[in-house]
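K.L.:
My questions all concern the structure below.
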Amino acid sequence: MEMSLFEIWGSMSLLSRLVAISLLGMGVASFAVIIERAWVLRRTDRESMEFASKSRSQFADGDIAGVLELARRFTRNPLARLTAIGVQTFQANERKDGGPTAAAELTRRELARKLELYSAEGRRGMGMLASIGSTAPFIGLFGTVIGIIVAFQGIASAGGGGIAAVSAGIAEALIVTAVGLIVAITSVLFFNYLSGRFDRLDMQMQHAAGELIDYLEGAHGHGGRDR
């Protein structure tokens with residue numbers, strides 16, 4: 001006997017429907033996080049490359065004011081924001097007691113704090129993705145148990161163990177299990193992929209912060225134009 005999804009849905013108990021709806025909701029939420037974070041990463045990569053390309057010649061010419069002006073055009077890009085904060089922090093402290101050495105150390109600390117903040121901003125939603133990946137199989141298993149219970153209830157009602165008595169419960173259990181596994185596998189795979197991308201972005205940002213501090217110290221030490 002063949003049963004369509006609509007027939008299986010109609011035969012489901014209220015609890016089974018709630019489990020299925022929960023899994024579908026988790027799948028939608030997971031898909032939304034994946035699409036949004038992937039788009040953020042793509043935009044960040046594109047804008048970072050554009051900012052780095054344009055600012056490279058300005059740094060080479062010692063045109064720090066031009067770098068700051070350029071950074072204002074990339075208000076959502078972490079590399080541009082980090083560069084602007086590093087330059088401004090160094091300039092604000094280089095005339096104080098301790099000179100450029102103290103200014104460089106204060107800049108390094110400020111950039112380290114900002115790197116942690118930008119990393120947390122970039123990974124927004126990743127915790128939910130990890131939670132969905134870890135809990136969806138268990139919710140699917142809960143649906144499986146409910147389906148088996150329904151199957152045994154069918155046997156009891158029919159007074160025997162024919163296929164007609166258990167087909168609805170077994171189909172229900174298998175479908176809910178499959179949905180739970182699909183949601184979990186998709187979430188885990190994309191969580192690992194996105195985490196790797198964000199780890200690489202964090203490393204690039206740390207490298208850029210180190211290069212910026214080296215440039216500011218070197219430009220000041222050699223009398224470069226840092227205004």
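All residue names refer to the structure tokens as shown: chains lettered A, B, ... in order, residues numbered from 1 in each chain, ligands numbered from 1 in order.
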What's the 10 Å shell around A:Arg76, counting only C-alpha atoms, without same-chain residues fewer than 2 positions away, as a list in words?
P.N.:
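The neighbour list is Val40, Arg43, Thr44, Glu47, Ala71, Arg72, Arg73, Phe74, Pro78, Leu79, Ala80 and Arg81 of chain A.
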K.L.:
Could you write those residues out with C-alpha atoms, as a CSV table (one decimal), in the first residue's frame?
P.N.:
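What landed in out_32.csv:
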```csv
chain,number,residue,atom,x,y,z
A,40,VAL,CA,28.7,38.4,4.5
A,43,ARG,CA,31.0,40.8,0.6
A,44,THR,CA,33.9,41.1,3.2
A,47,GLU,CA,35.5,44.9,-0.1
A,71,ALA,CA,38.3,53.7,5.1
A,72,ARG,CA,35.2,55.8,5.6
A,73,ARG,CA,33.8,54.5,2.3
A,74,PHE,CA,33.9,50.9,3.7
A,78,PRO,CA,36.3,45.0,9.2
A,79,LEU,CA,39.7,45.6,7.5
A,80,ALA,CA,38.9,49.2,6.7
A,81,ARG,CA,37.5,49.8,10.2
```
K.L.:
Please provide the set of residues having any atom within 10 Å of A:Ile132, restricted to only C-alpha atoms, with same-chain residues fewer than 6 positions apart removed, written as a list in words.
P.N.:
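Final neighbour list, sorted by chain and number: Leu23, Met26, Gly27, Ala29, Ser30, Met126, Ile139, Gly180, Val183, Ala184, Ile185, Thr186, Ser187 and Val188 of chain A.
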K.L.:
Using N, CA, C and O atoms, can you export the residues from the last selection as a compact mmCIF listing (two decimals), in the first residue's frame?
P.N.:
```txt
# COMPACT_ATOMS: atom_id res chain seq x y z
N LEU A 23 11.39 20.50 13.35
CA LEU A 23 12.53 20.18 12.48
C LEU A 23 12.55 21.04 11.23
O LEU A 23 13.60 21.51 10.80
N MET A 26 13.72 24.45 12.22
CA MET A 26 15.17 24.44 12.42
C MET A 26 15.90 24.44 11.08
O MET A 26 16.93 25.09 10.91
N GLY A 27 15.35 23.70 10.12
CA GLY A 27 15.95 23.67 8.79
C GLY A 27 15.92 25.04 8.12
O GLY A 27 16.91 25.47 7.51
N ALA A 29 15.71 27.98 9.68
CA ALA A 29 16.63 28.86 10.42
C ALA A 29 18.07 28.57 10.04
O ALA A 29 18.88 29.51 9.85
N SER A 30 18.41 27.30 9.91
CA SER A 30 19.77 26.92 9.52
C SER A 30 20.09 27.44 8.12
O SER A 30 21.17 28.01 7.89
N MET A 126 26.40 31.59 14.24
CA MET A 126 27.08 30.31 14.15
C MET A 126 26.75 29.40 15.33
O MET A 126 26.70 28.18 15.19
N ILE A 139 16.03 15.20 18.10
CA ILE A 139 14.62 15.52 17.89
C ILE A 139 14.03 14.55 16.87
O ILE A 139 12.89 14.07 17.01
N GLY A 180 15.23 14.91 10.30
CA GLY A 180 16.18 15.27 11.35
C GLY A 180 17.62 15.09 10.89
O GLY A 180 18.48 15.94 11.16
N VAL A 183 18.59 17.85 8.21
CA VAL A 183 18.83 19.15 8.86
C VAL A 183 20.15 19.14 9.61
O VAL A 183 20.95 20.09 9.52
N ALA A 184 20.41 18.05 10.35
CA ALA A 184 21.64 17.98 11.14
C ALA A 184 22.88 17.93 10.26
O ALA A 184 23.85 18.66 10.50
N ILE A 185 22.87 17.09 9.25
CA ILE A 185 24.04 16.93 8.38
C ILE A 185 24.34 18.23 7.65
O ILE A 185 25.50 18.68 7.57
N THR A 186 23.30 18.87 7.12
CA THR A 186 23.49 20.14 6.42
C THR A 186 24.07 21.20 7.35
O THR A 186 25.00 21.93 6.99
N SER A 187 23.52 21.29 8.55
CA SER A 187 23.98 22.30 9.51
C SER A 187 25.44 22.07 9.91
O SER A 187 26.23 23.01 9.96
N VAL A 188 25.80 20.83 10.18
CA VAL A 188 27.17 20.52 10.60
C VAL A 188 28.16 20.78 9.47
O VAL A 188 29.24 21.37 9.69
```
K.L.:
Between A:Lys96, A:Arg46, A:Arg108, A:Arg37, single out the one closest to A:Gly122, counting only C-alpha atoms.
P.N.:
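Selected residue with least distance to A:Gly122: A:Arg37.
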K.L.:
Measuring between only C-alpha atoms, which one of A:Val19, A:Ala103, A:Ile148, A:Leu201 shows the shortest distance to A:Val176?
P.N.:
A:Val19
K.L.:
Hey, which of A:Glu217, A:Ile149, A:Gly125, A:Ala178 ends up closest to A:Glu36? Count only C-alpha atoms.
P.N.:
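Going through A:Glu217, A:Ile149, A:Gly125, A:Ala178 one by one, the smallest distance to A:Glu36 is for A:Gly125.
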K.L.:
Got a sec to tell me which of stretch 55-165 of chain A DSSP assigns to helix (DSSP H, G or I), as a PyMOL selection string?
P.N.:
chain A and resi 55-61+64-71+78-93+99-122+126-158+163-165
K.L.:
Rounded to one decimal in Å, what is the spacing between atom CA of A:Gly86 and atom CA of A:Phe59?
P.N.:
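Computing the Euclidean distance for atom CA of A:Gly86 and atom CA of A:Phe59 yields 13.4 Å.
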K.L.:
Excluding A:Arg56 and any residue of its chain fewer than 4 positions from it, enumerate the residues within 12 Å of it, using only C-alpha atoms, and give them as a PyMOL selection string.
P.N.:
chain A and resi 48-52+60-64+66-67+70+83+208+211-212+215
K.L.:
In Å, how far is it from atom CA of A:Gly147 to atom CA of A:Glu172?
P.N.:
5.4 Å
K.L.:
Nearest to A:Lys114 among A:Leu82, A:Leu68, A:Leu41, A:Met203, with distances taken over only C-alpha atoms: which residue is it?
P.N.:
A:Leu82
K.L.:
Could you work out how far atom CA of A:Thr89 lies from atom CA of A:Leu106, giving the answer in Å with one decimal?
P.N.:
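Between atom CA of A:Leu106 and atom CA of A:Thr89 the gap is 7.5 Å.
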K.L.:
Calculated over only C-alpha atoms, which of the candidates A:Ile155, A:Ala173, A:Ala38, A:Ala104 has the smallest distance to A:Leu141?
P.N.:
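For A:Leu141, the nearest of the candidates is A:Ala173.
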K.L.:
Give me the residues within 9 Å of A:Ile175 as a PyMOL selection string, counting only C-alpha atoms and dropping any in the same chain fewer than 5 places off.
P.N.:
chain A and resi 20+140+143-144+170+180
K.L.:
Using the selection just defined, write its residues with all heavy atoms as a PDB file, in the first residue's frame.
P.N.:
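What landed in out.pdb:
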```
ATOM      1  N   ALA A  20       7.735  17.363  13.669  1.00  0.00           N
ATOM      2  CA  ALA A  20       8.042  17.622  12.256  1.00  0.00           C
ATOM      3  C   ALA A  20       8.129  19.120  11.986  1.00  0.00           C
ATOM      4  O   ALA A  20       9.036  19.583  11.273  1.00  0.00           O
ATOM      5  CB  ALA A  20       6.974  16.986  11.378  1.00  0.00           C
ATOM      6  N   GLY A 140      14.817  14.235  15.814  1.00  0.00           N
ATOM      7  CA  GLY A 140      14.370  13.230  14.849  1.00  0.00           C
ATOM      8  C   GLY A 140      14.191  11.874  15.497  1.00  0.00           C
ATOM      9  O   GLY A 140      13.246  11.131  15.173  1.00  0.00           O
ATOM     10  N   GLY A 143      10.999  11.773  17.265  1.00  0.00           N
ATOM     11  CA  GLY A 143       9.923  11.515  16.312  1.00  0.00           C
ATOM     12  C   GLY A 143       9.856  10.053  15.917  1.00  0.00           C
ATOM     13  O   GLY A 143       8.762   9.506  15.681  1.00  0.00           O
ATOM     14  N   THR A 144      11.012   9.408  15.824  1.00  0.00           N
ATOM     15  CA  THR A 144      11.051   7.984  15.503  1.00  0.00           C
ATOM     16  C   THR A 144      10.355   7.158  16.592  1.00  0.00           C
ATOM     17  O   THR A 144       9.576   6.241  16.305  1.00  0.00           O
ATOM     18  CB  THR A 144      12.506   7.507  15.359  1.00  0.00           C
ATOM     19  OG1 THR A 144      13.161   8.298  14.372  1.00  0.00           O
ATOM     20  CG2 THR A 144      12.566   6.050  14.963  1.00  0.00           C
ATOM     21  N   ILE A 170       5.233   3.423  10.888  1.00  0.00           N
ATOM     22  CA  ILE A 170       6.590   3.229  10.378  1.00  0.00           C
ATOM     23  C   ILE A 170       6.960   4.337   9.401  1.00  0.00           C
ATOM     24  O   ILE A 170       8.077   4.891   9.433  1.00  0.00           O
ATOM     25  CB  ILE A 170       6.720   1.846   9.703  1.00  0.00           C
ATOM     26  CG1 ILE A 170       6.515   0.732  10.741  1.00  0.00           C
ATOM     27  CG2 ILE A 170       8.067   1.711   9.035  1.00  0.00           C
ATOM     28  CD1 ILE A 170       7.509   0.738  11.872  1.00  0.00           C
ATOM     29  N   GLY A 180      15.226  14.914  10.297  1.00  0.00           N
ATOM     30  CA  GLY A 180      16.182  15.268  11.347  1.00  0.00           C
ATOM     31  C   GLY A 180      17.617  15.093  10.895  1.00  0.00           C
ATOM     32  O   GLY A 180      18.476  15.941  11.162  1.00  0.00           O
TER      33      GLY A 180
END
```
